[in-house]
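Worksheet: the structure to be examined is printed underneath.
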Amino acid sequence: MKCILCESYTFTHICTECQNTFLAPSLYKRRLSNGIHVISFYRYEEIKELLFTKHTDIGFYIYTILAKLSFEKFAKEFHTKEKYYAIAIDDTITSGYSHTAILNKHLKTYNIKPLFNQLRANNSVSYSGQSKHFREKNPRNFQLQKLKNANIILVDDIITTGSTLTQACLEVQKQNKTVSFCLTLTDVSLK
Ligand SMILES: [Zn+2]
């Protein structure tokens with residue numbers, strides 16, 4: 001097949017050279033309004049075109065490459081004595097796979113255990129391109145499975161205003177559990 005970035009022949013959808021050149025992750029931090037940290041790995045402009053593939057046939061492969069380069073690398077370098085449980089935002093399966101479940105799956109290490117199908121939005125309204133006001137007027141109404149575990153990492157692909165993650169944090173806190181931090185591929189607010 002051909003690399004979708006440079007069109008050279010390769011065994012993966014993005015060749016190793018392009019992965020190294022264009023998709024080396026950084027570590028960006030921001031805080032939600034509730035004080036919880038969000039770590040992200042790419043500027044939106046860097047991976048915008050790749051994120052658009054999530055609704056296409058190759059989305060699964062592209063998200064897997066991004067997850068390996070960023071989430072998996074982060075998890076391998078994250079050494080703690082405590083155990084963490086990672087939950088993806090709305091990992092319902094649309095068009096054959098869940099893009100947030102792919103990210104979450106790649107966090108699996110001795111101290112991070114990904115959990116699946118834990119957090120569902122009852123309101124599937126799309127926040128894409130909507131204002132903060134709209135997002136606040138149309139809460140996602142998350143439903144969270146009963147958590148047995150204390151330290152939670154929340155996972156999503158994109159953070160924009162932060163209202164989705166903030167709403168998800170509230171559900172975790174309602175069960176008296178702690179969101180240690182959140183991980184996203186990209187933070188749209190990064191300049
Ligand atoms: Zn390439």
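The way I read the labels, and the way they are meant: chains A, B, ... in the order of the structure tokens, residue 1 as the first residue of every chain, and ligand 1 as the first ligand shown, with later ones counted on from there.
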Show me which residues line ligand 1, defined as having an atom within 9 Å of a ligand atom where only C-alpha atoms and all ligand atoms count, and present them as a PDB file with N, CA and C atoms, in the first residue's frame.
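Output saved as pocket-v2.pdb:
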ATOM      1  N   LYS A   2       0.195   2.408  -0.148  1.00  0.00           N
ATOM      2  CA  LYS A   2       0.940   3.657  -0.162  1.00  0.00           C
ATOM      3  C   LYS A   2       0.703   4.438   1.130  1.00  0.00           C
ATOM      4  N   CYS A   3       1.756   5.069   1.614  1.00  0.00           N
ATOM      5  CA  CYS A   3       1.652   5.930   2.793  1.00  0.00           C
ATOM      6  C   CYS A   3       0.697   7.085   2.463  1.00  0.00           C
ATOM      7  N   ILE A   4      -0.278   7.359   3.364  1.00  0.00           N
ATOM      8  CA  ILE A   4      -1.256   8.407   3.056  1.00  0.00           C
ATOM      9  C   ILE A   4      -0.636   9.807   3.163  1.00  0.00           C
ATOM     10  N   LEU A   5       0.540   9.904   3.724  1.00  0.00           N
ATOM     11  CA  LEU A   5       1.167  11.227   3.835  1.00  0.00           C
ATOM     12  C   LEU A   5       2.159  11.505   2.703  1.00  0.00           C
ATOM     13  N   CYS A   6       3.019  10.514   2.383  1.00  0.00           N
ATOM     14  CA  CYS A   6       4.060  10.796   1.381  1.00  0.00           C
ATOM     15  C   CYS A   6       3.921   9.947   0.115  1.00  0.00           C
ATOM     16  N   GLU A   7       2.969   8.996   0.151  1.00  0.00           N
ATOM     17  CA  GLU A   7       2.678   8.151  -1.009  1.00  0.00           C
ATOM     18  C   GLU A   7       3.792   7.185  -1.405  1.00  0.00           C
ATOM     19  N   SER A   8       4.773   7.016  -0.529  1.00  0.00           N
ATOM     20  CA  SER A   8       5.757   5.976  -0.827  1.00  0.00           C
ATOM     21  C   SER A   8       5.177   4.614  -0.423  1.00  0.00           C
ATOM     22  N   TYR A   9       5.731   3.542  -0.997  1.00  0.00           N
ATOM     23  CA  TYR A   9       5.215   2.210  -0.696  1.00  0.00           C
ATOM     24  C   TYR A   9       5.631   1.785   0.705  1.00  0.00           C
ATOM     25  N   THR A  10       4.670   1.186   1.419  1.00  0.00           N
ATOM     26  CA  THR A  10       4.893   0.870   2.825  1.00  0.00           C
ATOM     27  C   THR A  10       3.962  -0.266   3.242  1.00  0.00           C
ATOM     28  N   HIS A  13      -0.349   2.177   6.929  1.00  0.00           N
ATOM     29  CA  HIS A  13      -1.017   3.316   6.283  1.00  0.00           C
ATOM     30  C   HIS A  13      -0.185   4.589   6.346  1.00  0.00           C
ATOM     31  N   ILE A  14       0.702   4.656   7.345  1.00  0.00           N
ATOM     32  CA  ILE A  14       1.637   5.782   7.423  1.00  0.00           C
ATOM     33  C   ILE A  14       3.032   5.184   7.580  1.00  0.00           C
ATOM     34  N   CYS A  15       3.951   5.537   6.689  1.00  0.00           N
ATOM     35  CA  CYS A  15       5.270   4.895   6.709  1.00  0.00           C
ATOM     36  C   CYS A  15       6.061   5.315   7.959  1.00  0.00           C
ATOM     37  N   THR A  16       7.056   4.513   8.307  1.00  0.00           N
ATOM     38  CA  THR A  16       7.828   4.760   9.527  1.00  0.00           C
ATOM     39  C   THR A  16       8.487   6.137   9.491  1.00  0.00           C
ATOM     40  N   GLU A  17       8.963   6.500   8.313  1.00  0.00           N
ATOM     41  CA  GLU A  17       9.639   7.789   8.213  1.00  0.00           C
ATOM     42  C   GLU A  17       8.670   8.942   8.502  1.00  0.00           C
ATOM     43  N   CYS A  18       7.486   8.874   7.937  1.00  0.00           N
ATOM     44  CA  CYS A  18       6.485   9.924   8.212  1.00  0.00           C
ATOM     45  C   CYS A  18       6.056   9.903   9.686  1.00  0.00           C
ATOM     46  N   GLN A  19       5.935   8.702  10.263  1.00  0.00           N
ATOM     47  CA  GLN A  19       5.592   8.613  11.692  1.00  0.00           C
ATOM     48  C   GLN A  19       6.636   9.340  12.534  1.00  0.00           C
ATOM     49  N   THR A  21       8.840  11.629  11.465  1.00  0.00           N
ATOM     50  CA  THR A  21       9.019  13.034  11.094  1.00  0.00           C
ATOM     51  C   THR A  21       7.844  13.903  11.520  1.00  0.00           C
TER      52      THR A  21
END
Expected answer as number ranges by chain: strand (DSSP E or B) residues in chain A: A: 2, 9, 28-31, 37-43, 84-88, 94, 97, 112-115, 119-121, 142-144, 151-159, 178-187
Filtering to C-alpha atoms, could you give me those residues as a PDB file, in the first residue's frame?
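After the write, again_17.pdb holds the following:
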ATOM      1  CA  LYS A   2       0.940   3.657  -0.162  1.00  0.00           C
ATOM      2  CA  TYR A   9       5.215   2.210  -0.696  1.00  0.00           C
ATOM      3  CA  TYR A  28       0.903  19.535  26.438  1.00  0.00           C
ATOM      4  CA  LYS A  29      -0.892  20.285  29.683  1.00  0.00           C
ATOM      5  CA  ARG A  30      -3.953  22.254  30.534  1.00  0.00           C
ATOM      6  CA  ARG A  31      -6.423  22.353  33.389  1.00  0.00           C
ATOM      7  CA  HIS A  37      -5.101  18.199  34.415  1.00  0.00           C
ATOM      8  CA  VAL A  38      -5.480  17.187  30.793  1.00  0.00           C
ATOM      9  CA  ILE A  39      -2.421  15.912  28.939  1.00  0.00           C
ATOM     10  CA  SER A  40      -2.451  15.886  25.155  1.00  0.00           C
ATOM     11  CA  PHE A  41       0.118  14.928  22.557  1.00  0.00           C
ATOM     12  CA  TYR A  42      -0.448  16.840  19.327  1.00  0.00           C
ATOM     13  CA  ARG A  43      -1.435  20.241  18.068  1.00  0.00           C
ATOM     14  CA  TYR A  84      -4.934   3.282  37.596  1.00  0.00           C
ATOM     15  CA  TYR A  85      -8.046   2.458  35.630  1.00  0.00           C
ATOM     16  CA  ALA A  86      -8.592   4.124  32.289  1.00  0.00           C
ATOM     17  CA  ILE A  87     -12.058   4.894  30.951  1.00  0.00           C
ATOM     18  CA  ALA A  88     -12.766   6.253  27.473  1.00  0.00           C
ATOM     19  CA  THR A  94     -19.977   3.241  15.519  1.00  0.00           C
ATOM     20  CA  TYR A  97     -15.037   0.237  15.959  1.00  0.00           C
ATOM     21  CA  ILE A 112      -2.893   1.012  34.048  1.00  0.00           C
ATOM     22  CA  LYS A 113      -5.884  -1.150  33.284  1.00  0.00           C
ATOM     23  CA  PRO A 114      -8.222   0.026  30.520  1.00  0.00           C
ATOM     24  CA  LEU A 115     -11.913  -0.567  31.235  1.00  0.00           C
ATOM     25  CA  LEU A 119     -19.200   5.685  30.224  1.00  0.00           C
ATOM     26  CA  ARG A 120     -22.028   6.339  27.808  1.00  0.00           C
ATOM     27  CA  ALA A 121     -23.544   9.623  26.704  1.00  0.00           C
ATOM     28  CA  PHE A 142     -23.307  10.609  30.893  1.00  0.00           C
ATOM     29  CA  GLN A 143     -24.135   7.307  32.447  1.00  0.00           C
ATOM     30  CA  LEU A 144     -21.257   5.687  34.289  1.00  0.00           C
ATOM     31  CA  ASN A 151      -7.874   6.205  40.502  1.00  0.00           C
ATOM     32  CA  ILE A 152      -9.388   6.970  37.148  1.00  0.00           C
ATOM     33  CA  ILE A 153      -7.795   8.247  33.937  1.00  0.00           C
ATOM     34  CA  LEU A 154     -10.318   9.645  31.456  1.00  0.00           C
ATOM     35  CA  VAL A 155      -9.562   9.246  27.742  1.00  0.00           C
ATOM     36  CA  ASP A 156     -10.861  11.148  24.723  1.00  0.00           C
ATOM     37  CA  ASP A 157      -9.485  11.968  21.283  1.00  0.00           C
ATOM     38  CA  ILE A 158     -10.101  15.735  21.206  1.00  0.00           C
ATOM     39  CA  ILE A 159     -10.499  18.406  23.855  1.00  0.00           C
ATOM     40  CA  THR A 178     -10.936  10.363  41.771  1.00  0.00           C
ATOM     41  CA  VAL A 179     -10.086  11.439  38.255  1.00  0.00           C
ATOM     42  CA  SER A 180      -6.302  11.541  38.454  1.00  0.00           C
ATOM     43  CA  PHE A 181      -5.949  13.195  35.064  1.00  0.00           C
ATOM     44  CA  CYS A 182      -7.300  13.069  31.515  1.00  0.00           C
ATOM     45  CA  LEU A 183      -5.533  12.105  28.285  1.00  0.00           C
ATOM     46  CA  THR A 184      -6.450  13.309  24.808  1.00  0.00           C
ATOM     47  CA  LEU A 185      -4.726  13.056  21.442  1.00  0.00           C
ATOM     48  CA  THR A 186      -5.088  16.747  20.741  1.00  0.00           C
ATOM     49  CA  ASP A 187      -6.091  19.988  22.404  1.00  0.00           C
TER      50      ASP A 187
END
Residue list (helix (DSSP H, G or I), DSSP) for chain A, as number ranges by chain: A: 16-22, 44-55, 59-76, 99-105, 132-137, 163-174
Residue nearest A:Ile47 - candidates A:Phe71, A:Phe22, A:Tyr127, A:Asn34, atoms counted: only C-alpha atoms: A:Phe22
Distance in Å - atom CA of A:Ile58 versus atom CA of A:Met1: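 Between atom CA of A:Ile58 and atom CA of A:Met1 the gap works out to 12.2 Å.
Close contacts of A:Arg140, defined as residues with an atom at most 10 Å away when counting only C-alpha atoms, with chain neighbours fewer than 6 positions off set aside, comprise A:Asp90, A:Arg120, A:Ala121, A:Asn122, A:Asn123, A:Ser124, A:Val125, A:Ser126, A:Tyr127, A:Ser163, A:Thr164, A:Gln167, A:Ala168.
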Can you spit out the residues from that selection as a PDB file, in the first residue's frame, using C-alpha atoms?
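Generated file (out-v7.pdb):
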ATOM      1  CA  ASP A  90     -18.376   7.278  24.995  1.00  0.00           C
ATOM      2  CA  ARG A 120     -22.028   6.339  27.808  1.00  0.00           C
ATOM      3  CA  ALA A 121     -23.544   9.623  26.704  1.00  0.00           C
ATOM      4  CA  ASN A 122     -27.325   9.400  26.770  1.00  0.00           C
ATOM      5  CA  ASN A 123     -27.473  12.571  24.740  1.00  0.00           C
ATOM      6  CA  SER A 124     -25.618  11.923  21.506  1.00  0.00           C
ATOM      7  CA  VAL A 125     -25.775  15.577  20.388  1.00  0.00           C
ATOM      8  CA  SER A 126     -22.654  16.517  18.467  1.00  0.00           C
ATOM      9  CA  TYR A 127     -20.509  19.239  20.037  1.00  0.00           C
ATOM     10  CA  SER A 163     -17.038  20.564  28.759  1.00  0.00           C
ATOM     11  CA  THR A 164     -17.277  16.884  27.772  1.00  0.00           C
ATOM     12  CA  GLN A 167     -19.110  16.451  32.693  1.00  0.00           C
ATOM     13  CA  ALA A 168     -17.456  13.025  32.716  1.00  0.00           C
TER      14      ALA A 168
END
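With only C-alpha atoms as the basis for measurement, A:Thr109 is the residue among A:Phe52, A:Ile62, A:Thr109, A:Thr161 that approaches A:His79 most closely.
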Which of A:Ala101, A:Ile36, A:Thr53, A:Thr12 sits closest to A:Ile65 [using only C-alpha atoms]: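 Checking each of A:Ala101, A:Ile36, A:Thr53, A:Thr12 against A:Ile65, counting only C-alpha atoms, the winner is A:Thr12.
Atom pair atom CA of A:Glu46 / atom CA of A:Pro25 has a distance of 10.1 Å (rounded to one decimal).
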Counting only C-alpha atoms, the option among A:Leu23, A:Leu32, A:Val172, A:Leu147 closest to A:Ala67: A:Leu23
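Proximity to A:His55 was assessed for A:Gln130, A:Ser98, A:Ser33, A:Pro139 counting only C-alpha atoms; the smallest distance is recorded for A:Ser98.
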